[in-house]
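First up is the structure itself, then whatever we jot down about it.
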Amino acid sequence: MGGSELIGKEEKAAVSDVLDRGVLFRYGFDAQRKGIYKVAEFEGDFAKYMGIKYCQAVSSGTTALRTALAAMGVGPGDEVITTAFTFVATYEAILETRAVPIPAEIDKSLNMDPADLEKKITSRTAAIIPVHMLGVPARMDEIMQIARKHKIPVLEDSAQATGSSYKGEKTGTIGDMGIYSFDYVKTITTGEGGMVVTDSEELYRRAEYFHDHGHIHNPAIPRGDEDRAFPGMNFRMDEMAGAMGAEQLKKLDYVLRRQRENKAQMKEGIAPLGFEFRDLPDPAGDGGDCLIFFLPSAAKVIEFGKSLGQKGIGTKILPSGMNWHFFDNFPDMMERRTLHREKCPFTCPYQAKEFMYKKGDLPKSKELLERAIALGISVNMDDAAIKKVIDAVKSAAKEVL
Ligand SMILES: *Cc1c(COP(=O)(O)O)cnc(C)c1O
């Protein structure tokens, strides 16, 4: 699972210190906080770790996406291309900006298929959101080349890939902006939390202002007297989460190392069965979140998953969990079942029928996802736990295939 497995005395002490000082707000209260700013410290450490200039901590990965889209100036009627396989949050953030999500197919990496991305670009495309699913980087060389050719900004959704890399660069730092999630089940956790990153000072400032009601955070002016840059939201991270984040970040390399070791061991154990594995665009940069292989048919996958379940082995997202991760299962979004639908005139491009993709429009993604099995990897798995998974896979293969 990741950092949540390692929550210990370091996090406890750091959060406890925040409570002792009594300042939970990231800004102001200078005397009481004795010069200690945990969210700002986490941002600084994160920037250094990722090799990026600017980091804006926020309340979640979802609000990180919303904040980044706002910073990039994406708005009503714009089209944003993302992938058919992602958590609903990517689509929700696009819809929340009143833009139109456009799903691109995935390839055997289970991330954005660059060839389909290029087919989906129109004169209305305002941003591209590749998603690094389950710790594996997307094909960023091809994606960036297409994006640059068409002059479209790229926002990397690295919510599931904190610390993963692609050809030596950390995922999230390759495009114009990137985001991360620190919810409880991600690579590292702050309880709930997220980060927006960029090398552009302009994009960073806009994200900074947007995430805090338009505040420009001029230290020379009391908060209540500050001017607003523009209306924003409250997507702030609090000091307890910041303190957690700074401690969890110190454990990130250990999380990645253990996951990679455990994954390699598991892969070696089931390799003799001859399965086709998920494509890795940069094997060295894989965060080791899970091990994915393909079976001949969707029916076999369901049987296989059941057989594993009977042996006490669960799967991660594939095959169970697809309701929340595959475009075909987002009818609420395709039908624009928003709470304010009646108030949006039908001329609003956000609702125009011509923009709507529907279930069945991503046949390649469906075919790949239906044939995939994902085995979760955890940090604290020991040899016996890994062997149990390998044995279960071997006997499921005997039973089902
Ligand atoms: C988890 C996740 C998010 C949202 O992050 P939260 O912190 O849970 O809001 C966005 N995109 C992807 C791909 C995710 O997995």
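Each chain of the structure tokens is named A, B, ... in the order shown, its residues numbered from 1; ligands are numbered from 1 in display order.
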
Identify, with DSSP run on backbone atoms, the residues in region 58-209 of chain A assigned to alpha helix (DSSP H), and express the list as a count of residues only.
-> 46

Which residues are near Met112 (chain A)? Cut-off 9 Å, only C-alpha atoms, ignore same chain within fewer than 2 positions. Put them as a PDB file with C-alpha atoms, in the first residue's frame.
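Contents of the output file result_7.pdb:
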ATOM      1  CA  THR A  82      -7.144  12.389 -20.541  1.00  0.00           C
ATOM      2  CA  THR A  83      -7.116   8.614 -20.547  1.00  0.00           C
ATOM      3  CA  ALA A  84      -9.902   6.045 -20.408  1.00  0.00           C
ATOM      4  CA  PHE A  85      -8.215   4.387 -17.423  1.00  0.00           C
ATOM      5  CA  ALA A 104      -8.051   8.742 -25.088  1.00  0.00           C
ATOM      6  CA  GLU A 105      -7.371   5.039 -25.409  1.00  0.00           C
ATOM      7  CA  ILE A 106      -4.691   3.317 -23.387  1.00  0.00           C
ATOM      8  CA  ASP A 107      -2.068   0.971 -24.815  1.00  0.00           C
ATOM      9  CA  SER A 109       1.261   0.184 -20.674  1.00  0.00           C
ATOM     10  CA  LEU A 110      -2.353   0.798 -19.488  1.00  0.00           C
ATOM     11  CA  PRO A 114       0.024   8.629 -27.786  1.00  0.00           C
ATOM     12  CA  ALA A 115      -1.365   7.675 -31.206  1.00  0.00           C
ATOM     13  CA  ASP A 116      -4.953   7.991 -29.970  1.00  0.00           C
ATOM     14  CA  LEU A 117      -4.116  11.205 -28.105  1.00  0.00           C
ATOM     15  CA  ILE A 129      -3.706  15.036 -18.744  1.00  0.00           C
ATOM     16  CA  PRO A 130      -1.672  11.837 -18.977  1.00  0.00           C
ATOM     17  CA  VAL A 131      -2.068   9.681 -15.875  1.00  0.00           C
ATOM     18  CA  HIS A 132       0.724   7.523 -14.461  1.00  0.00           C
ATOM     19  CA  ALA A 138       3.167   7.036 -19.219  1.00  0.00           C
ATOM     20  CA  ARG A 139       4.997   7.397 -22.560  1.00  0.00           C
ATOM     21  CA  ILE A 143       3.066  12.657 -25.352  1.00  0.00           C
TER      22      ILE A 143
END

Using only C-alpha atoms and all ligand atoms, I'd like a table of the residues in chain A that come within 9 Å of ligand 1; for each, show the closest atom pair and its distance in Å rounded to one decimal, ordered by chain and ascending number, as CSV.
residue,atom,partner,partner_atom_place_in_ligand_line,distance
A:Ser59,CA,ligand 1,7 (O),7.5
A:Ser60,CA,ligand 1,7 (O),3.8
A:Gly61,CA,ligand 1,5 (O),3.3
A:Thr62,CA,ligand 1,9 (O),3.7
A:Thr63,CA,ligand 1,9 (O),6.5
A:Ala64,CA,ligand 1,9 (O),7.8
A:Leu65,CA,ligand 1,10 (C),7.3
A:Phe85,CA,ligand 1,13 (C),8.5
A:Thr86,CA,ligand 1,13 (C),5.0
A:Phe87,CA,ligand 1,13 (C),4.7
A:Val88,CA,ligand 1,11 (N),7.2
A:Ala89,CA,ligand 1,10 (C),4.8
A:Thr90,CA,ligand 1,11 (N),5.2
A:Tyr91,CA,ligand 1,11 (N),8.8
A:Ala93,CA,ligand 1,10 (C),8.8
A:Val131,CA,ligand 1,13 (C),6.0
A:His132,CA,ligand 1,13 (C),7.1
A:Met133,CA,ligand 1,13 (C),6.2
A:Leu134,CA,ligand 1,15 (O),7.8
A:Asp157,CA,ligand 1,11 (N),5.9
A:Ser158,CA,ligand 1,13 (C),6.7
A:Ala159,CA,ligand 1,12 (C),4.7
A:Gln160,CA,ligand 1,15 (O),5.0
A:Ala161,CA,ligand 1,13 (C),8.6
A:Ile179,CA,ligand 1,10 (C),8.3
A:Tyr180,CA,ligand 1,5 (O),7.2
A:Ser181,CA,ligand 1,7 (O),4.2
A:Phe182,CA,ligand 1,7 (O),5.5
A:Asp183,CA,ligand 1,7 (O),4.5
A:Tyr184,CA,ligand 1,8 (O),8.0
A:Val185,CA,ligand 1,1 (C),7.9
A:Lys186,CA,ligand 1,1 (C),6.9
A:Gly191,CA,ligand 1,7 (O),8.9
A:Glu192,CA,ligand 1,7 (O),6.0
A:Gly193,CA,ligand 1,7 (O),5.6
A:Gly194,CA,ligand 1,7 (O),5.7
A:His325,CA,ligand 1,13 (C),8.4

**Q.** Thr173 (chain A) environment, 9 Å, only C-alpha atoms, sequence neighbours closer than 3 positions dropped, as an NGL selection string
**A.** :A and (50-52 or 156 or 169-170 or 176-179 or 197-199)

I need the residues from that last selection saved to file as a short mmCIF file (atom, residue, chain, number, x, y, z; two decimals), in the first residue's frame (with N, CA, C and O atoms), if you can.
data_model
loop_
_atom_site.label_atom_id
_atom_site.label_comp_id
_atom_site.auth_asym_id
_atom_site.auth_seq_id
_atom_site.Cartn_x
_atom_site.Cartn_y
_atom_site.Cartn_z
N MET A 50 11.81 16.29 -5.85
CA MET A 50 11.32 16.10 -7.21
C MET A 50 12.20 16.79 -8.26
O MET A 50 12.10 16.50 -9.44
N GLY A 51 13.03 17.73 -7.81
CA GLY A 51 13.82 18.49 -8.77
C GLY A 51 12.97 19.45 -9.56
O GLY A 51 13.06 19.53 -10.79
N ILE A 52 12.11 20.18 -8.85
CA ILE A 52 11.21 21.14 -9.51
C ILE A 52 11.27 22.46 -8.73
O ILE A 52 11.60 22.46 -7.54
N GLU A 156 0.44 16.52 -15.71
CA GLU A 156 0.60 15.10 -15.38
C GLU A 156 -0.15 14.76 -14.10
O GLU A 156 0.11 15.35 -13.05
N GLU A 169 13.71 11.49 -15.05
CA GLU A 169 12.98 12.62 -14.48
C GLU A 169 11.77 12.10 -13.70
O GLU A 169 11.10 11.18 -14.14
N LYS A 170 11.49 12.73 -12.57
CA LYS A 170 10.36 12.29 -11.76
C LYS A 170 9.04 12.55 -12.49
O LYS A 170 8.86 13.62 -13.09
N ASP A 176 3.99 20.66 -18.16
CA ASP A 176 3.96 22.06 -17.70
C ASP A 176 3.59 22.14 -16.23
O ASP A 176 4.05 23.02 -15.51
N MET A 177 2.71 21.22 -15.80
CA MET A 177 2.35 21.13 -14.38
C MET A 177 2.19 19.65 -14.04
O MET A 177 2.02 18.81 -14.93
N GLY A 178 2.23 19.36 -12.75
CA GLY A 178 2.00 17.99 -12.30
C GLY A 178 1.27 18.02 -10.98
O GLY A 178 1.29 19.03 -10.26
N ILE A 179 0.60 16.92 -10.67
CA ILE A 179 -0.06 16.83 -9.35
C ILE A 179 0.22 15.47 -8.72
O ILE A 179 0.51 14.49 -9.41
N VAL A 197 2.75 20.95 -8.79
CA VAL A 197 4.13 21.35 -9.05
C VAL A 197 4.29 21.92 -10.44
O VAL A 197 3.55 21.57 -11.36
N THR A 198 5.27 22.80 -10.58
CA THR A 198 5.58 23.40 -11.88
C THR A 198 6.93 24.10 -11.82
O THR A 198 7.39 24.46 -10.74
N ASP A 199 7.52 24.30 -12.98
CA ASP A 199 8.75 25.12 -13.06
C ASP A 199 8.42 26.55 -13.45
O ASP A 199 9.31 27.39 -13.51
#

- Name the residues in contact with region 36-47 of chain A at a cut-off of 10 Å, using only C-alpha atoms, excluding same-chain residues fewer than 4 positions from it; report them as a VMD selection string. chain A and resid 14 to 15 18 21 23 to 28 30 to 32 51 to 58 173 195 to 199 236 to 250

Store the residues of this selection in a file with C-alpha atoms, as a short mmCIF file (atom, residue, chain, number, x, y, z; two decimals), in the first residue's frame.
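Result file follows (result35.cif):
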data_model
loop_
_atom_site.label_atom_id
_atom_site.label_comp_id
_atom_site.auth_asym_id
_atom_site.auth_seq_id
_atom_site.Cartn_x
_atom_site.Cartn_y
_atom_site.Cartn_z
CA ALA A 14 5.62 15.76 14.18
CA VAL A 15 1.81 16.03 14.45
CA VAL A 18 1.98 21.01 15.76
CA ARG A 21 2.15 24.88 19.33
CA VAL A 23 -1.33 26.66 15.16
CA LEU A 24 -3.08 24.51 12.56
CA PHE A 25 -3.22 27.23 9.90
CA ARG A 26 -0.39 27.37 7.35
CA TYR A 27 -0.26 31.17 7.19
CA GLY A 28 0.25 33.83 9.84
CA ASP A 30 3.94 34.22 13.49
CA ALA A 31 4.67 34.69 17.20
CA GLN A 32 2.72 31.66 18.38
CA GLY A 51 13.82 18.49 -8.77
CA ILE A 52 11.21 21.14 -9.51
CA LYS A 53 11.08 24.85 -8.74
CA TYR A 54 7.60 25.40 -7.28
CA CYS A 55 5.29 23.29 -5.13
CA GLN A 56 1.85 24.20 -3.85
CA ALA A 57 0.44 21.87 -1.22
CA VAL A 58 -3.34 21.45 -1.29
CA THR A 173 7.83 17.21 -13.34
CA MET A 195 0.58 18.77 -4.32
CA VAL A 196 0.69 20.91 -7.44
CA VAL A 197 4.13 21.35 -9.05
CA THR A 198 5.58 23.40 -11.88
CA ASP A 199 8.75 25.12 -13.06
CA ARG A 236 -5.41 24.68 1.74
CA MET A 237 -3.38 21.97 3.44
CA ASP A 238 -3.32 22.26 7.25
CA GLU A 239 -0.23 22.10 9.45
CA MET A 240 -0.90 18.58 10.75
CA ALA A 241 -0.98 17.24 7.20
CA GLY A 242 2.13 19.26 6.36
CA ALA A 243 3.95 17.75 9.33
CA MET A 244 2.87 14.24 8.25
CA GLY A 245 3.99 14.94 4.69
CA ALA A 246 7.48 16.08 5.68
CA GLU A 247 7.98 12.85 7.65
CA GLN A 248 6.44 10.57 5.02
CA LEU A 249 8.62 12.13 2.30
CA LYS A 250 11.71 10.98 4.22
#

Pick out the residues sitting within 7 Å of Arg206 (chain A), and hand them over as a list in words; count only C-alpha atoms, and ignore anything fewer than 4 positions along from it in its own chain.
->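 The filter keeps Ala71, Glu202 and Phe210 of chain A.
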
_Residues of region 7-111 of chain A classed as strand (DSSP E) by DSSP on the backbone are to be reported as a PyMOL selection string._
chain A and resi 54-58+79-83+100-104

Just write the chosen residues, all heavy atoms, as a short mmCIF file (atom, residue, chain, number, x, y, z; two decimals), in the first residue's frame.
data_model
loop_
_atom_site.label_atom_id
_atom_site.label_comp_id
_atom_site.auth_asym_id
_atom_site.auth_seq_id
_atom_site.Cartn_x
_atom_site.Cartn_y
_atom_site.Cartn_z
N TYR A 54 8.71 24.92 -8.12
CA TYR A 54 7.60 25.40 -7.28
C TYR A 54 6.65 24.27 -6.90
O TYR A 54 6.26 23.47 -7.74
CB TYR A 54 6.80 26.47 -8.03
CG TYR A 54 7.65 27.63 -8.49
CD1 TYR A 54 8.06 27.74 -9.82
CD2 TYR A 54 8.08 28.60 -7.58
CE1 TYR A 54 8.85 28.81 -10.23
CE2 TYR A 54 8.87 29.66 -7.98
CZ TYR A 54 9.25 29.77 -9.31
OH TYR A 54 10.04 30.81 -9.72
N CYS A 55 6.26 24.26 -5.63
CA CYS A 55 5.29 23.29 -5.13
C CYS A 55 4.21 24.01 -4.36
O CYS A 55 4.51 24.87 -3.51
CB CYS A 55 5.95 22.31 -4.17
SG CYS A 55 7.03 21.13 -4.98
N GLN A 56 2.97 23.67 -4.62
CA GLN A 56 1.85 24.20 -3.85
C GLN A 56 1.10 23.04 -3.22
O GLN A 56 0.45 22.27 -3.93
CB GLN A 56 0.90 25.00 -4.77
CG GLN A 56 -0.32 25.55 -4.04
CD GLN A 56 0.07 26.50 -2.92
OE1 GLN A 56 0.73 27.51 -3.17
NE2 GLN A 56 -0.31 26.18 -1.70
N ALA A 57 1.19 22.92 -1.91
CA ALA A 57 0.44 21.87 -1.22
C ALA A 57 -1.04 22.24 -1.19
O ALA A 57 -1.40 23.42 -1.04
CB ALA A 57 0.96 21.71 0.21
N VAL A 58 -1.89 21.25 -1.33
CA VAL A 58 -3.34 21.45 -1.29
C VAL A 58 -4.00 20.33 -0.49
O VAL A 58 -3.31 19.47 0.06
CB VAL A 58 -3.95 21.54 -2.72
CG1 VAL A 58 -3.55 22.83 -3.41
CG2 VAL A 58 -3.57 20.34 -3.56
N GLU A 79 -11.80 21.64 -24.23
CA GLU A 79 -11.68 20.18 -24.16
C GLU A 79 -10.37 19.81 -23.49
O GLU A 79 -9.34 20.43 -23.74
CB GLU A 79 -11.72 19.56 -25.57
CG GLU A 79 -13.07 19.71 -26.23
CD GLU A 79 -13.12 19.17 -27.66
OE1 GLU A 79 -12.08 18.71 -28.17
OE2 GLU A 79 -14.20 19.23 -28.26
N VAL A 80 -10.43 18.82 -22.62
CA VAL A 80 -9.23 18.32 -21.94
C VAL A 80 -9.15 16.82 -22.21
O VAL A 80 -10.06 16.07 -21.86
CB VAL A 80 -9.29 18.60 -20.43
CG1 VAL A 80 -8.05 18.04 -19.74
CG2 VAL A 80 -9.42 20.09 -20.15
N ILE A 81 -8.05 16.42 -22.83
CA ILE A 81 -7.89 15.00 -23.16
C ILE A 81 -7.18 14.29 -22.02
O ILE A 81 -6.11 14.71 -21.57
CB ILE A 81 -7.08 14.82 -24.46
CG1 ILE A 81 -7.75 15.59 -25.61
CG2 ILE A 81 -6.96 13.33 -24.81
CD1 ILE A 81 -6.93 15.59 -26.90
N THR A 82 -7.80 13.23 -21.54
CA THR A 82 -7.14 12.39 -20.54
C THR A 82 -7.31 10.94 -20.97
O THR A 82 -7.62 10.69 -22.13
CB THR A 82 -7.67 12.67 -19.12
OG1 THR A 82 -6.88 11.92 -18.19
CG2 THR A 82 -9.14 12.30 -18.96
N THR A 83 -7.07 10.00 -20.08
CA THR A 83 -7.12 8.61 -20.55
C THR A 83 -8.35 7.89 -20.03
O THR A 83 -8.95 8.27 -19.02
CB THR A 83 -5.86 7.79 -20.15
OG1 THR A 83 -6.14 7.07 -18.95
CG2 THR A 83 -4.68 8.69 -19.93
N VAL A 100 -14.72 19.98 -20.97
CA VAL A 100 -15.25 18.71 -21.46
C VAL A 100 -14.14 17.66 -21.46
O VAL A 100 -13.14 17.81 -22.15
CB VAL A 100 -15.78 18.87 -22.91
CG1 VAL A 100 -16.39 17.58 -23.41
CG2 VAL A 100 -16.77 20.02 -22.97
N PRO A 101 -14.31 16.60 -20.67
CA PRO A 101 -13.29 15.55 -20.68
C PRO A 101 -13.37 14.71 -21.96
O PRO A 101 -14.46 14.29 -22.35
CB PRO A 101 -13.62 14.70 -19.45
CG PRO A 101 -15.01 15.01 -19.09
CD PRO A 101 -15.41 16.31 -19.73
N ILE A 102 -12.24 14.49 -22.58
CA ILE A 102 -12.18 13.66 -23.79
C ILE A 102 -11.30 12.46 -23.48
O ILE A 102 -10.10 12.63 -23.18
CB ILE A 102 -11.57 14.46 -24.98
CG1 ILE A 102 -12.34 15.76 -25.23
CG2 ILE A 102 -11.49 13.58 -26.23
CD1 ILE A 102 -13.74 15.58 -25.77
N PRO A 103 -11.86 11.27 -23.52
CA PRO A 103 -11.05 10.09 -23.17
C PRO A 103 -10.20 9.61 -24.34
O PRO A 103 -10.70 9.46 -25.46
CB PRO A 103 -12.12 9.04 -22.82
CG PRO A 103 -13.33 9.44 -23.60
CD PRO A 103 -13.27 10.93 -23.82
N ALA A 104 -8.92 9.38 -24.09
CA ALA A 104 -8.05 8.74 -25.09
C ALA A 104 -7.86 7.29 -24.68
O ALA A 104 -7.92 6.95 -23.50
CB ALA A 104 -6.71 9.46 -25.16
#

From CA of Ala385 (chain A) to CA of Arg260 (chain A) the spacing works out at 15.0 Å

Item to complete: Determine the nearest neighbour of Ile377 (chain A) from the options A:Ile292, A:Leu95, A:Met322, A:Ile7, counting only C-alpha atoms.
Response: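 For Ile377 (chain A), the nearest of the given residues is A:Ile292.
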
For Leu203 (chain A), the closest of A:Ala298, A:Gly73, A:Arg337, A:Leu375 counting only C-alpha atoms is A:Gly73

**Request:** Find the spatial neighbours of Lys306 (chain A), counting only C-alpha atoms, within a cut-off of 12 Å - ignore same-chain residues fewer than 5 positions away - and output them as a PyMOL selection string.
**Result:** chain A and resi 299-301+311-315+319-320+373+392-393+396-397+399-400

In Å, rounded to a single decimal, give me how far CA of Met356 (chain A) is from CA of Met233 (chain A).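 About the pair CA of Met233 (chain A) and CA of Met356 (chain A): they are 28.3 Å apart.
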
If you count only C-alpha atoms, the residue of A:Ala126, A:Gly175, A:His150, A:Leu368 closest to Gly75 (chain A) turns out to be A:Ala126

What is the distance, in Å and to one decimal place, between CA of Lys167 (chain A) and CA of Gln145 (chain A)?
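Straight-line distance from CA of Lys167 (chain A) to CA of Gln145 (chain A) works out to 14.9 Å.
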
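Residue nearest Leu401 (chain A), chosen from A:Glu303, A:Met333, A:Asn380, A:Lys358 and counting only C-alpha atoms: A:Glu303.
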